[in-house]
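Report on one structure; see the data block that follows.
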Amino acid sequence: MKLKIQELKNLEKYFTNVNYDIEKLRKDSLVDPKWLAFGSGNIFRGYIARINQDMLNKGIYDRGISVVESFDDEIIEKIYKPFNNLAISVTLDKDGKFNEDLIANLAEALILQNGKQRIEEIALNKNLQIISFTITEKGYVINKSNGEFIEVVKNDIENDIEEAKHLMSYVTYLLYLRYKNSNSPITLLSLDNCSKNGDKLKVAVSSIAKEWNKRGKVEDEFITYIEDRVSYPWSMIDKITPRPAEEIEKYLQSKSFENMDIVVTSKKTYIAPFVNSEESEYLVIEDDFKNGRPSFEKVGVYMSDRETVNKVETMKVTTCLNPLHTTLAVYGCILGYTSISDEMKDEQLRKLIEKIGYEEALPVVVDPKILDPKAFIDEVINERFPNKYIPDTPQRIATDTSQKIPIRFGETIKKYVEDDTKSVEDLKYIPLAIAGWLRYLIGQDDNGNEFELSPDPMMKVLKDSVEDLCIGKFEKTDKLINLLKDKMIFGVDLVDLNMDTIILKYLEEMLVEKGAVRETLKKYL
């Protein structure tokens, strides 16, 4: 069986989850688009597109999604176009059962560089309600660590606005076109896994617009438009959607599906005609939409106020999931693991994340009420991470760790500083996680073998900071101390808080000899 529009009759016999007229939906969505999405990767197809489809199936929404890829063109060329924008979503239950759904609501798939005419046509549609983003946290970054604009944004600011290259600059240009054409309201909805994501998006757009305004390229009224007629809701998204698994590829082939091969693009994106993801999922969105919105709450999405979104995000990112994931990632790479679920069978690693989650982070987290923090962390540790059917790797989770640490660990450290009843000296296991990351950066596993570090935008600086360290050699260098003082990376000055002492003590012990990482974990756990 082929994943093709021409095979719809056969596909609809196999998949029973589509209750709408696919071809009519696509025609209607092309003529009158209501949802434009930037970012075409696995989390988009495996969760966001499915939420839209759930609403279509319930008859509470009437449009699919127009999706744009702005980073990796090969996703569209090799995965969307050959399969007529169809995809298979496979949910991996903890009991080993595979549940397959057909994702058929992606009306069109565009590449930013050669699809601008159509994208701009969509942006001008008065009925367009949402421009959503699943572009990772890096997609919103327009400044260097010193506050200066990165080169591409600097050029966008100085050049003609219609020549904008960076996605944030181009989105600002789309808003300008909409403002000039009809002044119609719109919502920019970040669905990326980062804290206060709506503000990151708003700051990027506003900063570029104001620079254009200073240079007389846009009117003062446009600045008012992006403040008053455009909303930037915060959201919290949580669903593990790892790289496509060979096991799922073989499973679908056994069901007679053709051409299910996993593709690795030249930009190292792992993608396939299918998406595999865990059963657990959470999406909380601030209910602030300027041009109407779908009935998200009728398909399991929590709609709430900004304060609640922030509390849920803080609970997840600083306590119940993300810091535990990062801890497993860095130690997993050092100890030779290639599976998060296998790490959960490791006595010391399981105990380490339990100590960080239950004993150090949970006591200072604010209860968001709509989700219970203790129940959430219980599910993570007892059900989600141990799920062997989620083929997630520490190597994937270790990607961009420098961008994650200030939130995942720094925010909890700040809570200890702010709370008169607590002291950072009480923290023993978060420092052990940070020391593990420093040990990871050396690029040697616990047996002394070199391994490839996962991509990180700060990698050059990070590697320079630990270049004098190796197994059998520990030196408290100025570069290492300066790294620990960097608030951009840790969210706090660890030296100023006297946390460098315990972190470097752990690190020194982990570098004594081969096998010292394991022995250090045993010693403290």
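In the structure tokens, chains take the letters A, B, ... in the order shown, each chain's residues start at 1, and ligands count up from 1 in the order shown.
Using only C-alpha atoms, the contacts of Gly443 in chain A at a cut-off of 8 Å, with sequence neighbours closer than 6 positions omitted, comprise Glu450, Phe451, Glu452 and Leu453 of chain A.
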With all heavy atoms retained, export the selected residues as a PDB file, in the first residue's frame.
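Just written: part07.pdb:
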```
ATOM      1  N   GLU A 450      36.747   8.173  23.119  1.00  0.00           N
ATOM      2  CA  GLU A 450      36.155   9.419  22.652  1.00  0.00           C
ATOM      3  C   GLU A 450      34.770   9.170  22.060  1.00  0.00           C
ATOM      4  O   GLU A 450      34.515   8.116  21.476  1.00  0.00           O
ATOM      5  CB  GLU A 450      37.054  10.072  21.599  1.00  0.00           C
ATOM      6  CG  GLU A 450      38.376  10.583  22.174  1.00  0.00           C
ATOM      7  CD  GLU A 450      39.171  11.393  21.161  1.00  0.00           C
ATOM      8  OE1 GLU A 450      38.665  11.597  20.034  1.00  0.00           O
ATOM      9  OE2 GLU A 450      40.286  11.816  21.503  1.00  0.00           O
ATOM     10  N   PHE A 451      33.872  10.121  22.253  1.00  0.00           N
ATOM     11  CA  PHE A 451      32.551  10.044  21.624  1.00  0.00           C
ATOM     12  C   PHE A 451      32.200  11.409  21.058  1.00  0.00           C
ATOM     13  O   PHE A 451      32.770  12.432  21.463  1.00  0.00           O
ATOM     14  CB  PHE A 451      31.477   9.554  22.602  1.00  0.00           C
ATOM     15  CG  PHE A 451      31.228  10.465  23.775  1.00  0.00           C
ATOM     16  CD1 PHE A 451      30.364  11.553  23.673  1.00  0.00           C
ATOM     17  CD2 PHE A 451      31.838  10.230  25.003  1.00  0.00           C
ATOM     18  CE1 PHE A 451      30.117  12.388  24.750  1.00  0.00           C
ATOM     19  CE2 PHE A 451      31.601  11.062  26.098  1.00  0.00           C
ATOM     20  CZ  PHE A 451      30.739  12.139  25.962  1.00  0.00           C
ATOM     21  N   GLU A 452      31.270  11.411  20.119  1.00  0.00           N
ATOM     22  CA  GLU A 452      30.886  12.660  19.453  1.00  0.00           C
ATOM     23  C   GLU A 452      29.904  13.436  20.318  1.00  0.00           C
ATOM     24  O   GLU A 452      28.874  12.907  20.736  1.00  0.00           O
ATOM     25  CB  GLU A 452      30.243  12.355  18.104  1.00  0.00           C
ATOM     26  CG  GLU A 452      29.883  13.592  17.295  1.00  0.00           C
ATOM     27  CD  GLU A 452      29.247  13.276  15.953  1.00  0.00           C
ATOM     28  OE1 GLU A 452      29.192  12.072  15.597  1.00  0.00           O
ATOM     29  OE2 GLU A 452      28.799  14.215  15.258  1.00  0.00           O
ATOM     30  N   LEU A 453      30.240  14.686  20.580  1.00  0.00           N
ATOM     31  CA  LEU A 453      29.349  15.545  21.349  1.00  0.00           C
ATOM     32  C   LEU A 453      28.163  15.955  20.472  1.00  0.00           C
ATOM     33  O   LEU A 453      28.310  16.180  19.276  1.00  0.00           O
ATOM     34  CB  LEU A 453      30.089  16.791  21.824  1.00  0.00           C
ATOM     35  CG  LEU A 453      31.250  16.561  22.804  1.00  0.00           C
ATOM     36  CD1 LEU A 453      32.013  17.857  23.027  1.00  0.00           C
ATOM     37  CD2 LEU A 453      30.741  16.020  24.128  1.00  0.00           C
TER      38      LEU A 453
END
```
### Task
Pull the helix (DSSP H, G or I) assignments for range 125-279 of chain A out of DSSP run on the backbone, and list those residues as a VMD selection string.
chain A and resid 137 to 140 151 to 158 161 to 163 167 to 181 197 to 214 220 to 228 246 to 254
## Note on the structure
Min atom-atom distance to Lys250 in chain A from the set A:Phe44, A:Phe274, A:Tyr232, A:Phe133, counting only C-alpha atoms, belongs to A:Phe274
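Ranking A:Asn482, A:Asn447, A:Thr318, A:Thr393 by their shortest atom-to-atom distance to Val512 in chain A, with only C-alpha atoms included, puts A:Asn447 first.
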Can you list every residue of range 111-224 of chain A that has an atom at most 9 Å from range 395-419 of chain A, with its nearest atom pair and the distance in Å to one decimal, using only C-alpha atoms, ordered by chain then number, as a tab-separated table?
```
residue	atom	partner	partner_atom	distance
A:Glu137	CA	A:Gln403	CA	8.3
A:Lys138	CA	A:Gln403	CA	8.5
A:Cys194	CA	A:Lys404	CA	8.4
A:Ser195	CA	A:Ile407	CA	7.7
```
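Candidate residues A:Val230, A:Ala104, A:Leu432, A:Val317 were compared for distance to Lys24 in chain A, and the nearest is A:Ala104, using only C-alpha atoms.
Here CA of Ile130 in chain A and CA of Thr187 in chain A stand 5.0 Å from one another.
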### Message
What parts of range 218-377 of chain A does DSSP call strand (DSSP E or B)? I'd like the answer as an MDAnalysis selection string.
### Response
chainID A and resid 230:231 235:238 263:264 270:271 274:278 282:286 302:304
List every residue of range 352-459 of chain A that has an atom at most 12 Å from any atom of range 85-102 of chain A, and for each one report the closest atom pair and its distance in Å to one decimal, counting only C-alpha atoms, with rows sorted by chain and then by increasing residue number, as JSON lines.
```
{"residue": "A:Glu379", "atom": "CA", "partner": "A:Lys94", "partner_atom": "CA", "distance": 11.4}
{"residue": "A:Val380", "atom": "CA", "partner": "A:Lys94", "partner_atom": "CA", "distance": 12.0}
{"residue": "A:Asn382", "atom": "CA", "partner": "A:Lys94", "partner_atom": "CA", "distance": 10.6}
{"residue": "A:Glu383", "atom": "CA", "partner": "A:Lys94", "partner_atom": "CA", "distance": 7.1}
{"residue": "A:Arg384", "atom": "CA", "partner": "A:Lys94", "partner_atom": "CA", "distance": 7.7}
{"residue": "A:Phe385", "atom": "CA", "partner": "A:Lys94", "partner_atom": "CA", "distance": 9.9}
{"residue": "A:Pro386", "atom": "CA", "partner": "A:Lys94", "partner_atom": "CA", "distance": 8.4}
{"residue": "A:Asn387", "atom": "CA", "partner": "A:Lys94", "partner_atom": "CA", "distance": 5.3}
{"residue": "A:Lys388", "atom": "CA", "partner": "A:Lys94", "partner_atom": "CA", "distance": 7.4}
{"residue": "A:Tyr389", "atom": "CA", "partner": "A:Leu92", "partner_atom": "CA", "distance": 5.8}
{"residue": "A:Ile390", "atom": "CA", "partner": "A:Leu92", "partner_atom": "CA", "distance": 6.5}
{"residue": "A:Pro391", "atom": "CA", "partner": "A:Leu92", "partner_atom": "CA", "distance": 9.5}
{"residue": "A:Asp392", "atom": "CA", "partner": "A:Leu92", "partner_atom": "CA", "distance": 11.8}
```
Using C-alpha atoms, can you export the residues from the last selection as a PDB file, in the first residue's frame?
```pdb
ATOM      1  CA  GLU A 379       4.329   9.432  35.522  1.00  0.00           C
ATOM      2  CA  VAL A 380       7.636  10.630  34.066  1.00  0.00           C
ATOM      3  CA  ASN A 382       7.610   5.346  36.461  1.00  0.00           C
ATOM      4  CA  GLU A 383       5.963   5.256  33.040  1.00  0.00           C
ATOM      5  CA  ARG A 384       7.321   7.659  30.451  1.00  0.00           C
ATOM      6  CA  PHE A 385      11.111   7.392  30.736  1.00  0.00           C
ATOM      7  CA  PRO A 386      11.093   3.581  31.240  1.00  0.00           C
ATOM      8  CA  ASN A 387       8.908   3.026  28.148  1.00  0.00           C
ATOM      9  CA  LYS A 388      11.180   0.848  26.003  1.00  0.00           C
ATOM     10  CA  TYR A 389       8.935   1.456  23.020  1.00  0.00           C
ATOM     11  CA  ILE A 390      10.010   5.109  22.912  1.00  0.00           C
ATOM     12  CA  PRO A 391      13.355   4.858  21.106  1.00  0.00           C
ATOM     13  CA  ASP A 392      14.737   8.068  22.565  1.00  0.00           C
TER      14      ASP A 392
END
```
### Message
Using only C-alpha atoms, which protein or nucleic acid residues come within 9 Å of Lys267 in chain A? Drop anything in the same chain fewer than 6 positions from it, and give the result as number ranges by chain.
### Response
A: 71-72, 74
